[in-house]
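Here is the file entry_1.pdb (PDB, C-alpha atoms).
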```
ATOM      1  CA  MET A   1    -139.725 -46.503  -3.711  1.00  0.00           C
ATOM      2  CA  VAL A   2    -137.801 -45.664  -6.822  1.00  0.00           C
ATOM      3  CA  SER A   3    -137.944 -41.957  -6.067  1.00  0.00           C
ATOM      4  CA  LYS A   4    -136.701 -42.573  -2.496  1.00  0.00           C
ATOM      5  CA  ASP A   5    -133.694 -44.557  -3.768  1.00  0.00           C
ATOM      6  CA  LEU A   6    -133.041 -41.899  -6.383  1.00  0.00           C
ATOM      7  CA  GLY A   7    -133.280 -39.231  -3.671  1.00  0.00           C
ATOM      8  CA  ASN A   8    -130.808 -41.139  -1.486  1.00  0.00           C
ATOM      9  CA  GLN A   9    -128.428 -41.549  -4.411  1.00  0.00           C
ATOM     10  CA  ILE A  10    -128.642 -37.848  -5.239  1.00  0.00           C
ATOM     11  CA  GLU A  11    -128.032 -36.993  -1.586  1.00  0.00           C
ATOM     12  CA  ILE A  12    -124.980 -39.302  -1.501  1.00  0.00           C
ATOM     13  CA  ILE A  13    -123.629 -37.766  -4.718  1.00  0.00           C
ATOM     14  CA  PHE A  14    -124.236 -34.253  -3.364  1.00  0.00           C
ATOM     15  CA  MET A  15    -122.479 -35.040  -0.045  1.00  0.00           C
ATOM     16  CA  THR A  16    -119.544 -36.577  -1.941  1.00  0.00           C
ATOM     17  CA  ILE A  17    -119.215 -33.453  -4.076  1.00  0.00           C
ATOM     18  CA  VAL A  18    -119.457 -31.189  -1.000  1.00  0.00           C
ATOM     19  CA  ASN A  19    -116.898 -33.262   0.908  1.00  0.00           C
ATOM     20  CA  ASN A  20    -114.548 -33.306  -2.084  1.00  0.00           C
ATOM     21  CA  LYS A  21    -114.893 -29.517  -2.440  1.00  0.00           C
ATOM     22  CA  LYS A  22    -113.970 -29.146   1.207  1.00  0.00           C
ATOM     23  CA  LEU A  23    -111.008 -31.463   0.655  1.00  0.00           C
ATOM     24  CA  VAL A  24    -109.948 -29.548  -2.453  1.00  0.00           C
ATOM     25  CA  LEU A  25    -110.290 -26.208  -0.636  1.00  0.00           C
ATOM     26  CA  LEU A  26    -108.329 -27.551   2.323  1.00  0.00           C
ATOM     27  CA  LEU A  27    -105.623 -28.822  -0.022  1.00  0.00           C
ATOM     28  CA  LEU A  28    -105.461 -25.460  -1.848  1.00  0.00           C
ATOM     29  CA  PHE A  29    -105.244 -23.602   1.465  1.00  0.00           C
ATOM     30  CA  PHE A  30    -102.418 -25.879   2.603  1.00  0.00           C
ATOM     31  CA  ILE A  31    -100.501 -25.377  -0.651  1.00  0.00           C
ATOM     32  CA  CYS A  32    -100.886 -21.585  -0.411  1.00  0.00           C
ATOM     33  CA  PHE A  33     -99.815 -21.664   3.238  1.00  0.00           C
ATOM     34  CA  ILE A  34     -96.708 -23.727   2.506  1.00  0.00           C
ATOM     35  CA  SER A  35     -95.734 -21.667  -0.541  1.00  0.00           C
ATOM     36  CA  GLY A  36     -95.653 -18.559   1.650  1.00  0.00           C
ATOM     37  CA  PHE A  37     -92.576 -19.919   3.367  1.00  0.00           C
ATOM     38  CA  SER A  38     -89.301 -19.768   1.530  1.00  0.00           C
ATOM     39  CA  ALA A  39     -86.961 -22.656   1.872  1.00  0.00           C
ATOM     40  CA  THR A  40     -83.527 -21.947   3.212  1.00  0.00           C
ATOM     41  CA  LYS A  41     -80.340 -23.775   2.503  1.00  0.00           C
ATOM     42  CA  GLN A  42     -77.199 -23.845   4.566  1.00  0.00           C
ATOM     43  CA  THR A  43     -74.115 -22.806   2.650  1.00  0.00           C
ATOM     44  CA  LYS A  44     -70.724 -21.179   2.838  1.00  0.00           C
ATOM     45  CA  ILE A  45     -70.690 -17.409   2.385  1.00  0.00           C
ATOM     46  CA  TYR A  46     -68.175 -14.606   2.479  1.00  0.00           C
ATOM     47  CA  ILE A  47     -69.055 -11.561   4.534  1.00  0.00           C
ATOM     48  CA  PHE A  48     -67.676  -8.281   5.800  1.00  0.00           C
ATOM     49  CA  GLY A  49     -69.132  -5.504   7.874  1.00  0.00           C
ATOM     50  CA  VAL A  50     -69.081  -1.738   7.691  1.00  0.00           C
ATOM     51  CA  ALA A  51     -70.075   0.566  10.518  1.00  0.00           C
ATOM     52  CA  THR A  52     -70.087   4.264  11.129  1.00  0.00           C
ATOM     53  CA  SER A  53     -71.442   6.781  13.575  1.00  0.00           C
ATOM     54  CA  PHE A  54     -73.303   9.902  12.589  1.00  0.00           C
ATOM     55  CA  LYS A  55     -71.505  11.764  15.389  1.00  0.00           C
ATOM     56  CA  ASP A  56     -68.023  11.566  13.852  1.00  0.00           C
ATOM     57  CA  SER A  57     -66.251  10.646  10.633  1.00  0.00           C
ATOM     58  CA  THR A  58     -64.903   7.250  11.697  1.00  0.00           C
ATOM     59  CA  LEU A  59     -65.699   4.281   9.502  1.00  0.00           C
ATOM     60  CA  TYR A  60     -65.073   0.741  10.733  1.00  0.00           C
ATOM     61  CA  ILE A  61     -64.623  -2.079   8.255  1.00  0.00           C
ATOM     62  CA  THR A  62     -63.993  -5.738   9.017  1.00  0.00           C
ATOM     63  CA  GLU A  63     -61.862  -8.068   6.972  1.00  0.00           C
ATOM     64  CA  ILE A  64     -63.590 -10.489   4.624  1.00  0.00           C
ATOM     65  CA  GLN A  65     -64.614 -13.571   6.576  1.00  0.00           C
ATOM     66  CA  GLU A  66     -65.824 -17.003   5.555  1.00  0.00           C
ATOM     67  CA  ILE A  67     -68.857 -18.456   7.323  1.00  0.00           C
ATOM     68  CA  SER A  68     -69.611 -22.106   6.654  1.00  0.00           C
ATOM     69  CA  GLY A  69     -72.940 -22.381   8.448  1.00  0.00           C
ATOM     70  CA  ALA A  70     -74.887 -19.441   7.010  1.00  0.00           C
ATOM     71  CA  TYR A  71     -78.406 -19.786   5.613  1.00  0.00           C
ATOM     72  CA  ILE A  72     -79.485 -18.379   2.272  1.00  0.00           C
ATOM     73  CA  ASP A  73     -83.101 -18.003   1.179  1.00  0.00           C
ATOM     74  CA  SER A  74     -83.219 -20.305  -1.840  1.00  0.00           C
ATOM     75  CA  LYS A  75     -85.884 -18.201  -3.555  1.00  0.00           C
ATOM     76  CA  THR A  76     -84.405 -14.700  -3.141  1.00  0.00           C
ATOM     77  CA  LYS A  77     -80.723 -15.667  -2.615  1.00  0.00           C
ATOM     78  CA  PHE A  78     -80.712 -13.316   0.391  1.00  0.00           C
ATOM     79  CA  LEU A  79     -78.831 -13.923   3.616  1.00  0.00           C
ATOM     80  CA  VAL A  80     -81.266 -15.091   6.286  1.00  0.00           C
ATOM     81  CA  GLU A  81     -81.039 -13.119   9.545  1.00  0.00           C
ATOM     82  CA  ARG A  82     -78.790 -10.529   7.872  1.00  0.00           C
ATOM     83  CA  ASP A  83     -79.832  -7.917  10.418  1.00  0.00           C
ATOM     84  CA  ASN A  84     -78.523 -10.124  13.219  1.00  0.00           C
ATOM     85  CA  TYR A  85     -75.111 -10.289  11.565  1.00  0.00           C
ATOM     86  CA  SER A  86     -75.115  -6.481  11.550  1.00  0.00           C
ATOM     87  CA  TYR A  87     -76.109  -6.500  15.228  1.00  0.00           C
ATOM     88  CA  GLN A  88     -73.063  -8.669  16.003  1.00  0.00           C
ATOM     89  CA  LEU A  89     -70.793  -5.955  14.585  1.00  0.00           C
ATOM     90  CA  ARG A  90     -72.750  -3.177  16.273  1.00  0.00           C
ATOM     91  CA  ASP A  91     -72.553  -4.920  19.646  1.00  0.00           C
ATOM     92  CA  TYR A  92     -68.811  -5.488  19.234  1.00  0.00           C
ATOM     93  CA  LEU A  93     -68.279  -1.787  18.523  1.00  0.00           C
ATOM     94  CA  LYS A  94     -70.404  -0.767  21.490  1.00  0.00           C
ATOM     95  CA  GLY A  95     -68.268  -3.120  23.582  1.00  0.00           C
ATOM     96  CA  ILE A  96     -65.093  -1.252  22.593  1.00  0.00           C
ATOM     97  CA  GLY A  97     -66.607   2.133  23.390  1.00  0.00           C
ATOM     98  CA  GLU A  98     -68.273   3.329  20.182  1.00  0.00           C
ATOM     99  CA  GLN A  99     -71.396   5.154  21.322  1.00  0.00           C
ATOM    100  CA  THR A 100     -73.825   4.945  18.406  1.00  0.00           C
ATOM    101  CA  PRO A 101     -72.576   2.666  15.644  1.00  0.00           C
ATOM    102  CA  THR A 102     -74.732   1.945  12.632  1.00  0.00           C
ATOM    103  CA  ALA A 103     -73.602  -1.325  11.079  1.00  0.00           C
ATOM    104  CA  THR A 104     -74.369  -3.204   7.916  1.00  0.00           C
ATOM    105  CA  THR A 105     -73.117  -6.429   6.426  1.00  0.00           C
ATOM    106  CA  ILE A 106     -72.282  -7.269   2.849  1.00  0.00           C
ATOM    107  CA  PHE A 107     -72.133 -10.888   1.727  1.00  0.00           C
ATOM    108  CA  ALA A 108     -71.609 -13.041  -1.340  1.00  0.00           C
ATOM    109  CA  ILE A 109     -71.502 -16.722  -2.082  1.00  0.00           C
ATOM    110  CA  GLU A 110     -68.455 -16.403  -4.333  1.00  0.00           C
ATOM    111  CA  LYS A 111     -65.128 -15.111  -3.004  1.00  0.00           C
ATOM    112  CA  LYS A 112     -64.369 -13.057  -6.142  1.00  0.00           C
ATOM    113  CA  GLU A 113     -67.724 -11.313  -5.840  1.00  0.00           C
ATOM    114  CA  ILE A 114     -67.145 -10.275  -2.219  1.00  0.00           C
ATOM    115  CA  GLU A 115     -63.631  -9.088  -3.028  1.00  0.00           C
ATOM    116  CA  LYS A 116     -65.065  -6.761  -5.698  1.00  0.00           C
ATOM    117  CA  LYS A 117     -67.626  -5.380  -3.246  1.00  0.00           C
ATOM    118  CA  TYR A 118     -64.935  -4.946  -0.612  1.00  0.00           C
ATOM    119  CA  LEU A 119     -62.693  -2.963  -2.957  1.00  0.00           C
ATOM    120  CA  VAL A 120     -65.578  -0.712  -4.010  1.00  0.00           C
ATOM    121  CA  ILE A 121     -66.371   0.133  -0.371  1.00  0.00           C
ATOM    122  CA  LYS A 122     -62.732   0.717   0.576  1.00  0.00           C
ATOM    123  CA  LYS A 123     -62.114   2.889  -2.486  1.00  0.00           C
ATOM    124  CA  LYS A 124     -65.255   4.916  -1.848  1.00  0.00           C
ATOM    125  CA  TYR A 125     -64.256   5.782   1.700  1.00  0.00           C
ATOM    126  CA  LEU A 126     -60.438   5.830   1.495  1.00  0.00           C
ATOM    127  CA  ASP A 127     -59.937   7.989  -1.586  1.00  0.00           C
ATOM    128  CA  PRO A 128     -61.675  11.218  -0.617  1.00  0.00           C
ATOM    129  CA  GLY A 129     -60.036  11.227   2.823  1.00  0.00           C
ATOM    130  CA  LEU A 130     -63.254  12.374   4.472  1.00  0.00           C
ATOM    131  CA  TYR A 131     -63.376   9.414   6.823  1.00  0.00           C
ATOM    132  CA  GLN A 132     -60.980   8.004   9.330  1.00  0.00           C
ATOM    133  CA  VAL A 133     -61.088   4.325   8.345  1.00  0.00           C
ATOM    134  CA  LYS A 134     -60.369   1.778  11.064  1.00  0.00           C
ATOM    135  CA  GLN A 135     -59.767  -1.801   9.966  1.00  0.00           C
ATOM    136  CA  ILE A 136     -61.125  -4.512  12.279  1.00  0.00           C
ATOM    137  CA  ASN A 137     -59.061  -7.673  11.906  1.00  0.00           C
ATOM    138  CA  ASN A 138     -60.387 -11.196  12.301  1.00  0.00           C
ATOM    139  CA  ALA A 139     -58.456 -11.695  15.544  1.00  0.00           C
ATOM    140  CA  SER A 140     -60.541  -8.905  17.113  1.00  0.00           C
ATOM    141  CA  PHE A 141     -63.960  -9.704  15.673  1.00  0.00           C
ATOM    142  CA  THR A 142     -65.507 -12.605  13.785  1.00  0.00           C
ATOM    143  CA  PHE A 143     -69.075 -13.141  12.678  1.00  0.00           C
ATOM    144  CA  LYS A 144     -70.819 -16.175  14.139  1.00  0.00           C
ATOM    145  CA  PRO A 145     -73.238 -18.235  12.012  1.00  0.00           C
ATOM    146  CA  ILE A 146     -76.902 -17.688  12.836  1.00  0.00           C
ATOM    147  CA  THR A 147     -79.597 -20.343  12.651  1.00  0.00           C
ATOM    148  CA  PRO A 148     -82.886 -18.978  11.242  1.00  0.00           C
ATOM    149  CA  SER A 149     -85.625 -18.380  13.771  1.00  0.00           C
ATOM    150  CA  THR A 150     -88.849 -20.293  13.328  1.00  0.00           C
ATOM    151  CA  THR A 151     -90.996 -17.161  13.532  1.00  0.00           C
ATOM    152  CA  GLU A 152     -90.082 -15.891  10.061  1.00  0.00           C
TER
END
```

Take the structure from the file and write it as structure tokens.
Amino acid sequence: MVSKDLGNQIEIIFMTIVNNKKLVLLLLFFICFISGFSATKQTKIYIFGVATSFKDSTLYITEIQEISGAYIDSKTKFLVERDNYSYQLRDYLKGIGEQTPTATTIFAIEKKEIEKKYLVIKKKYLDPGLYQVKQINNASFTFKPITPSTTE
């Protein structure tokens, strides 16, 4: 009888260890799964867009704009859905007749930082006179805040 009780106790201990290992593995998997997702925070940013076409020497540049509802990846400090902001500018330019615009957006959290970036871009393209620079004012085009998609 003693060996049967001891066997049952060993079996109970073994099952507890196995169940706890499964629980620990499940917990580790969950932590790894969650850590793969970066948290985003909604904040105010400053942004401007630049677009050009490889068919001609026209360069479009928007004014600096403030967006209050933008999302920043808190880990990388990168603008979430940045490509979609560029698509907004591209679609606007297509709407006014530009055939093949290639657009990009530049952003910063601080106004002084975006102003520096803006001056660098303008100086780079205005000084040599190789491009016909067309300013897009805020009355003509404004970026709209984008909510992150859940598939990222």

- Residue nearest Phe48 (chain A) - candidates A:Ile10, A:Ile72, A:Ile136, A:Met15, atoms counted: only C-alpha atoms: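 For Phe48 (chain A), the nearest of the given residues is A:Ile136.
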
- Message: For the provided coordinates, the residues matched by the PyMOL selection byres ((chain A and resi 110) around 12) should be stated as a ChimeraX atom specification.
- Response: /A:43-47,64-67,107-109,111-117

May I have the residues from that selection written out with C-alpha atoms, as a PDB file, in the coordinates of the input?
```pdb
ATOM      1  CA  THR A  43     -74.115 -22.806   2.650  1.00  0.00           C
ATOM      2  CA  LYS A  44     -70.724 -21.179   2.838  1.00  0.00           C
ATOM      3  CA  ILE A  45     -70.690 -17.409   2.385  1.00  0.00           C
ATOM      4  CA  TYR A  46     -68.175 -14.606   2.479  1.00  0.00           C
ATOM      5  CA  ILE A  47     -69.055 -11.561   4.534  1.00  0.00           C
ATOM      6  CA  ILE A  64     -63.590 -10.489   4.624  1.00  0.00           C
ATOM      7  CA  GLN A  65     -64.614 -13.571   6.576  1.00  0.00           C
ATOM      8  CA  GLU A  66     -65.824 -17.003   5.555  1.00  0.00           C
ATOM      9  CA  ILE A  67     -68.857 -18.456   7.323  1.00  0.00           C
ATOM     10  CA  PHE A 107     -72.133 -10.888   1.727  1.00  0.00           C
ATOM     11  CA  ALA A 108     -71.609 -13.041  -1.340  1.00  0.00           C
ATOM     12  CA  ILE A 109     -71.502 -16.722  -2.082  1.00  0.00           C
ATOM     13  CA  LYS A 111     -65.128 -15.111  -3.004  1.00  0.00           C
ATOM     14  CA  LYS A 112     -64.369 -13.057  -6.142  1.00  0.00           C
ATOM     15  CA  GLU A 113     -67.724 -11.313  -5.840  1.00  0.00           C
ATOM     16  CA  ILE A 114     -67.145 -10.275  -2.219  1.00  0.00           C
ATOM     17  CA  GLU A 115     -63.631  -9.088  -3.028  1.00  0.00           C
ATOM     18  CA  LYS A 116     -65.065  -6.761  -5.698  1.00  0.00           C
ATOM     19  CA  LYS A 117     -67.626  -5.380  -3.246  1.00  0.00           C
TER      20      LYS A 117
END
```

- Message: Neighbouring residues of Lys75 (chain A) were defined as those with any atom within 9 Å, considering only C-alpha atoms; residues of the same chain fewer than 2 positions away were excluded. Please report them as a list in words.
- Response: Ser38, Ala39, Thr40, Ile72, Asp73, Lys77 and Phe78 of chain A

- Find the residue from A:Lys123, A:Lys55, A:Arg90, A:Lys41 that sits nearest to Ser74 (chain A); use all atoms listed in the file when measuring.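 Smallest distance to Ser74 (chain A) is found for A:Lys41.
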
- Matched chain/residue IDs from the PyMOL selection byres ((chain A and resi 125) around 12), as a VMD selection string: chain A and resid 50 to 52 57 to 61 118 to 124 126 to 134

- Straight-line distance linking CA of Gln99 (chain A) with CA of Ser149 (chain A), stated in Å to one decimal: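 Between CA of Gln99 (chain A) and CA of Ser149 (chain A) the gap works out to 28.5 Å.
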
Give me the box for region 119-135 of chain A as JSON, namely the centre and edge lengths in Å to one decimal of a box along x, y and z that holds every listed atom plus 6 Å on each side.
```
{"center_x": -63.1, "center_y": 4.7, "center_z": 3.5, "size_x": 18.6, "size_y": 27.3, "size_z": 27.1}
```

- Item | Distance query 8 Å from (-71.0, 5.8, 18.0) using all atoms listed in the file, result as number ranges by chain | A: 52-56, 94, 97-102

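For the pair CA of Gly95 (chain A) and CA of Asp83 (chain A), the interatomic distance is 18.2 Å.
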
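The gap separating CA of Pro145 (chain A) from CA of Gly69 (chain A) is 5.5 Å, in Å to one decimal.
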
- Task: Translate the PyMOL selection byres ((chain A and resi 144) around 10), as applied to the file shown, into an explicit residue set as an MDAnalysis selection string.
- Result: chainID A and resid 66:70 84:85 88 141:143 145:147

Quick one: write out the picked residues with C-alpha atoms as a CSV table (one decimal), in the coordinates of the input?
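Done, and the output landed in result07.csv:
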```csv
chain,number,residue,atom,x,y,z
A,66,GLU,CA,-65.8,-17.0,5.6
A,67,ILE,CA,-68.9,-18.5,7.3
A,68,SER,CA,-69.6,-22.1,6.7
A,69,GLY,CA,-72.9,-22.4,8.4
A,70,ALA,CA,-74.9,-19.4,7.0
A,84,ASN,CA,-78.5,-10.1,13.2
A,85,TYR,CA,-75.1,-10.3,11.6
A,88,GLN,CA,-73.1,-8.7,16.0
A,141,PHE,CA,-64.0,-9.7,15.7
A,142,THR,CA,-65.5,-12.6,13.8
A,143,PHE,CA,-69.1,-13.1,12.7
A,145,PRO,CA,-73.2,-18.2,12.0
A,146,ILE,CA,-76.9,-17.7,12.8
A,147,THR,CA,-79.6,-20.3,12.7
```
